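Pasted below: input_23.pdb, PDB, C-alpha atoms.
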```
MODEL        1
ATOM      1  CA  MET A  21      27.285  28.114 -35.408
ATOM      2  CA  LYS A  22      27.216  25.332 -32.850
ATOM      3  CA  LEU A  23      28.814  25.974 -29.481
ATOM      4  CA  ILE A  24      30.079  23.071 -27.413
ATOM      5  CA  VAL A  25      29.587  23.732 -23.710
ATOM      6  CA  ALA A  26      31.507  21.749 -21.095
ATOM      7  CA  GLY A  27      29.116  22.543 -18.239
ATOM      8  CA  PHE A  28      28.137  25.244 -15.797
ATOM      9  CA  ASN A  29      30.412  27.580 -13.865
ATOM     10  CA  TRP A  30      29.087  27.942 -10.304
ATOM     11  CA  ASP A  31      30.861  29.608  -7.391
ATOM     12  CA  THR A  32      30.189  31.889  -4.442
ATOM     13  CA  GLY A  33      30.069  34.862  -6.780
ATOM     14  CA  ASN A  34      27.100  33.808  -8.880
ATOM     15  CA  TRP A  35      25.176  31.140  -6.957
ATOM     16  CA  PRO A  36      23.856  33.328  -4.115
ATOM     17  CA  LYS A  37      22.512  35.858  -6.606
ATOM     18  CA  CYS A  38      20.832  33.165  -8.718
ATOM     19  CA  GLY A  39      19.431  31.314  -5.724
ATOM     20  CA  LYS A  40      17.934  34.304  -3.933
ATOM     21  CA  HIS A  41      14.731  34.088  -6.017
ATOM     22  CA  GLY A  42      14.107  30.457  -5.107
ATOM     23  CA  VAL A  43      15.302  28.873  -8.340
ATOM     24  CA  SER A  44      17.565  25.863  -7.757
ATOM     25  CA  LYS A  45      20.751  25.066  -9.660
ATOM     26  CA  ASP A  46      19.038  22.014 -11.145
ATOM     27  CA  GLU A  47      16.136  24.119 -12.429
ATOM     28  CA  ILE A  48      18.497  26.632 -13.988
ATOM     29  CA  GLU A  49      20.419  23.889 -15.738
ATOM     30  CA  GLU A  50      17.160  22.186 -16.849
ATOM     31  CA  ALA A  51      15.987  25.410 -18.501
ATOM     32  CA  PHE A  52      18.784  25.031 -21.040
ATOM     33  CA  THR A  53      17.447  21.642 -22.171
ATOM     34  CA  PHE A  54      13.697  22.254 -22.638
ATOM     35  CA  SER A  55      13.629  24.282 -25.902
ATOM     36  CA  PRO A  56      14.807  27.608 -24.487
ATOM     37  CA  ARG A  57      14.471  30.924 -26.281
ATOM     38  CA  ILE A  58      17.763  32.818 -26.231
ATOM     39  CA  MET A  59      18.480  36.467 -27.036
ATOM     40  CA  LEU A  60      21.364  38.884 -26.533
ATOM     41  CA  ASP A  61      21.241  41.163 -23.504
ATOM     42  CA  PRO A  62      22.406  44.740 -24.169
ATOM     43  CA  PHE A  63      24.865  45.018 -21.277
ATOM     44  CA  PRO A  64      27.817  47.347 -21.871
ATOM     45  CA  ASP A  65      30.570  45.728 -19.772
ATOM     46  CA  GLU A  66      30.332  42.060 -20.668
ATOM     47  CA  PRO A  67      28.527  40.060 -23.363
ATOM     48  CA  ARG A  68      25.433  38.632 -21.692
ATOM     49  CA  VAL A  69      22.620  36.473 -22.926
ATOM     50  CA  ARG A  70      18.983  36.173 -21.819
ATOM     51  CA  LEU A  71      17.173  32.871 -21.740
ATOM     52  CA  ILE A  72      13.540  32.050 -21.257
ATOM     53  CA  GLY A  73      13.078  28.382 -20.550
ATOM     54  CA  LYS A  74      11.115  25.899 -18.503
ATOM     55  CA  ASN A  75      11.977  23.488 -15.767
ATOM     56  CA  LYS A  76      10.743  19.879 -15.846
ATOM     57  CA  ASN A  77       7.479  21.030 -14.204
ATOM     58  CA  ASN A  78       6.861  23.503 -17.072
ATOM     59  CA  ARG A  79       7.456  26.526 -14.857
ATOM     60  CA  TYR A  80       8.977  29.399 -16.814
ATOM     61  CA  ILE A  81      12.377  30.691 -15.757
ATOM     62  CA  PHE A  82      14.172  33.862 -16.879
ATOM     63  CA  ILE A  83      17.966  33.577 -16.798
ATOM     64  CA  VAL A  84      20.774  35.988 -17.620
ATOM     65  CA  PHE A  85      24.107  34.312 -18.273
ATOM     66  CA  THR A  86      27.450  34.676 -19.958
ATOM     67  CA  PHE A  87      30.072  32.285 -21.267
ATOM     68  CA  ARG A  88      33.415  31.714 -19.574
ATOM     69  CA  ILE A  89      36.447  30.035 -21.064
ATOM     70  CA  ILE A  90      38.235  27.899 -18.471
ATOM     71  CA  ASN A  91      41.161  25.677 -19.520
ATOM     72  CA  GLN A  92      40.161  26.143 -23.167
ATOM     73  CA  GLN A  93      36.620  24.895 -22.521
ATOM     74  CA  THR A  94      33.412  26.941 -22.672
ATOM     75  CA  PHE A  95      31.157  27.034 -19.618
ATOM     76  CA  ILE A  96      27.788  28.674 -19.011
ATOM     77  CA  ARG A  97      27.992  31.094 -16.097
ATOM     78  CA  PRO A  98      24.527  32.049 -14.823
ATOM     79  CA  ILE A  99      24.384  35.622 -13.531
ATOM     80  CA  SER A 100      20.803  35.814 -12.313
ATOM     81  CA  ALA A 101      17.656  33.686 -12.459
ATOM     82  CA  ARG A 102      14.048  34.018 -11.400
ATOM     83  CA  TYR A 103      10.654  32.549 -12.108
ATOM     84  CA  MET A 104       8.650  34.542 -14.618
ATOM     85  CA  HIS A 105       5.524  36.401 -13.505
ATOM     86  CA  GLN A 106       2.213  35.340 -15.048
ATOM     87  CA  LYS A 107       1.993  38.521 -17.166
ATOM     88  CA  GLU A 108       5.440  37.763 -18.605
ATOM     89  CA  VAL A 109       4.437  34.186 -19.403
ATOM     90  CA  ILE A 110       1.290  35.354 -21.201
ATOM     91  CA  HIS A 111       3.280  37.906 -23.222
ATOM     92  CA  TYR A 112       5.922  35.292 -24.043
ATOM     93  CA  GLU A 113       3.319  32.738 -25.161
ATOM     94  CA  LYS A 114       1.592  35.314 -27.400
ATOM     95  CA  THR A 115       4.925  36.297 -28.938
ATOM     96  CA  ILE A 116       5.907  32.676 -29.602
ATOM     97  CA  LEU A 117       2.545  31.845 -31.163
ATOM     98  CA  LYS A 118       2.901  34.826 -33.542
ATOM     99  CA  LYS A 119       6.480  33.841 -34.485
ATOM    100  CA  ASP A 120       5.653  30.181 -35.052
ATOM    101  CA  ALA A 121       2.513  30.911 -37.116
TER
ENDMDL
END
```

Any chance you could put this one into structure tokens?
Amino acid sequence: MKLIVAGFNWDTGNWPKCGKHGVSKDEIEEAFTFSPRIMLDPFPDEPRVRLIGKNKNNRYIFIVFTFRIINQQTFIRPISARYMHQKEVIHYEKTILKKDA
């Protein structure tokens, strides 16, 4: 199933939480374009998705987001974002190498 996304939904409700870890809006949006790995997040109140991606400098970013329908268009609404710790990157790389082998 291919999902057509109109853009990102940013406002004062989600940007401060995403930005508090030093990740910029541009980096968050970039992470969706550099071969991200996406998985469902088991959150009971709202369907959420986890993403592990990279920015243009190959720095790994962990993002939790959801989709919002606004005027019959689908938008990505980031909920939180942070840079991954080195241990997480190593684990991720090992996992990907096993999957792709």

Practice problem: Please provide as a ChimeraX atom specification all residues within 8 Å of Phe87 (chain A), with the sequence filter that same-chain residues fewer than 4 positions apart are discarded (counting all atoms listed in the file). | Solution: /A:68,94-97

What does the file look like for those residues with C-alpha atoms, as an mmCIF file, in the frame of the given file?
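Heads up, here's the output in selection22.cif:
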```
data_model
loop_
_atom_site.group_PDB
_atom_site.id
_atom_site.type_symbol
_atom_site.label_atom_id
_atom_site.label_comp_id
_atom_site.auth_asym_id
_atom_site.auth_seq_id
_atom_site.Cartn_x
_atom_site.Cartn_y
_atom_site.Cartn_z
ATOM 1 C CA ARG A 68 25.433 38.632 -21.692
ATOM 2 C CA THR A 94 33.412 26.941 -22.672
ATOM 3 C CA PHE A 95 31.157 27.034 -19.618
ATOM 4 C CA ILE A 96 27.788 28.674 -19.011
ATOM 5 C CA ARG A 97 27.992 31.094 -16.097
#
```

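The space between CA of Gly42 (chain A) and CA of Ser100 (chain A) spans 11.2 Å.
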
Exercise. Just say which residues the PyMOL selection byres ((chain A and resi 83) around 12) picks in this file, as a ChimeraX atom specification.
Key: /A:37-39,41,43-45,47-52,56-61,68-75,80-82,84-86,96-104

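Reported to one decimal place, the separation of CA of Leu23 (chain A) from CA of Asn77 (chain A) is 26.7 Å.
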
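Ranking A:Ile116, A:Arg88, A:Phe28, A:Gln106 by their shortest atom-to-atom distance to Asp46 (chain A), with all atoms listed in the file included, puts A:Phe28 first.
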
Exercise. Return the single residue from A:Lys114, A:Lys40, A:His105, A:Lys22 that is closest to Arg79 (chain A), with distances computed using all atoms listed in the file.
Key: A:His105

Practice problem: Could you please determine the separation between CA of Glu66 (chain A) and CA of Val25 (chain A) in Å, to one decimal place? | Solution: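 About the pair CA of Glu66 (chain A) and CA of Val25 (chain A): they are 18.6 Å apart.
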
Please, could N, CA and C atoms be added to region 57-83 of chain A and the result written as a CSV table (one decimal), in the coordinates of the input?
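That gives us part.csv:
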```
chain,number,residue,atom,x,y,z
A,57,ARG,N,14.4,29.8,-25.4
A,57,ARG,CA,14.5,30.9,-26.3
A,57,ARG,C,15.6,31.8,-25.8
A,58,ILE,N,16.6,32.1,-26.6
A,58,ILE,CA,17.8,32.8,-26.2
A,58,ILE,C,17.9,34.1,-27.0
A,59,MET,N,18.3,35.2,-26.4
A,59,MET,CA,18.5,36.5,-27.0
A,59,MET,C,19.6,37.2,-26.4
A,60,LEU,N,20.3,38.1,-27.1
A,60,LEU,CA,21.4,38.9,-26.5
A,60,LEU,C,20.8,39.9,-25.6
A,61,ASP,N,21.6,40.2,-24.5
A,61,ASP,CA,21.2,41.2,-23.5
A,61,ASP,C,22.1,42.4,-23.7
A,62,PRO,N,21.6,43.6,-23.9
A,62,PRO,CA,22.4,44.7,-24.2
A,62,PRO,C,23.1,45.3,-22.9
A,63,PHE,N,24.1,44.6,-22.5
A,63,PHE,CA,24.9,45.0,-21.3
A,63,PHE,C,26.2,45.5,-21.7
A,64,PRO,N,26.6,46.7,-21.3
A,64,PRO,CA,27.8,47.3,-21.9
A,64,PRO,C,29.2,46.7,-21.5
A,65,ASP,N,29.3,46.2,-20.3
A,65,ASP,CA,30.6,45.7,-19.8
A,65,ASP,C,31.0,44.3,-20.2
A,66,GLU,N,30.0,43.5,-20.4
A,66,GLU,CA,30.3,42.1,-20.7
A,66,GLU,C,29.2,41.5,-21.5
A,67,PRO,N,29.6,40.7,-22.5
A,67,PRO,CA,28.5,40.1,-23.4
A,67,PRO,C,27.7,39.1,-22.5
A,68,ARG,N,26.4,39.4,-22.5
A,68,ARG,CA,25.4,38.6,-21.7
A,68,ARG,C,24.3,38.1,-22.6
A,69,VAL,N,23.7,37.1,-22.1
A,69,VAL,CA,22.6,36.5,-22.9
A,69,VAL,C,21.4,36.3,-22.0
A,70,ARG,N,20.2,36.4,-22.6
A,70,ARG,CA,19.0,36.2,-21.8
A,70,ARG,C,18.4,34.9,-22.3
A,71,LEU,N,17.8,34.1,-21.4
A,71,LEU,CA,17.2,32.9,-21.7
A,71,LEU,C,15.8,32.8,-21.1
A,72,ILE,N,14.8,32.4,-21.8
A,72,ILE,CA,13.5,32.0,-21.3
A,72,ILE,C,13.4,30.6,-21.5
A,73,GLY,N,13.2,29.8,-20.4
A,73,GLY,CA,13.1,28.4,-20.6
A,73,GLY,C,12.1,27.9,-19.5
A,74,LYS,N,12.0,26.5,-19.5
A,74,LYS,CA,11.1,25.9,-18.5
A,74,LYS,C,11.9,24.9,-17.7
A,75,ASN,N,11.4,24.6,-16.5
A,75,ASN,CA,12.0,23.5,-15.8
A,75,ASN,C,11.1,22.2,-16.1
A,76,LYS,N,11.5,21.1,-15.5
A,76,LYS,CA,10.7,19.9,-15.8
A,76,LYS,C,9.3,19.9,-15.5
A,77,ASN,N,8.9,20.9,-14.6
A,77,ASN,CA,7.5,21.0,-14.2
A,77,ASN,C,6.8,22.1,-15.0
A,78,ASN,N,7.4,22.5,-16.1
A,78,ASN,CA,6.9,23.5,-17.1
A,78,ASN,C,6.7,24.9,-16.4
A,79,ARG,N,7.5,25.2,-15.4
A,79,ARG,CA,7.5,26.5,-14.9
A,79,ARG,C,8.5,27.4,-15.6
A,80,TYR,N,8.1,28.5,-16.0
A,80,TYR,CA,9.0,29.4,-16.8
A,80,TYR,C,10.0,30.1,-15.9
A,81,ILE,N,11.2,30.1,-16.5
A,81,ILE,CA,12.4,30.7,-15.8
A,81,ILE,C,13.1,31.7,-16.7
A,82,PHE,N,13.4,32.8,-16.2
A,82,PHE,CA,14.2,33.9,-16.9
A,82,PHE,C,15.6,33.8,-16.3
A,83,ILE,N,16.6,33.7,-17.2
A,83,ILE,CA,18.0,33.6,-16.8
A,83,ILE,C,18.8,34.5,-17.6
```
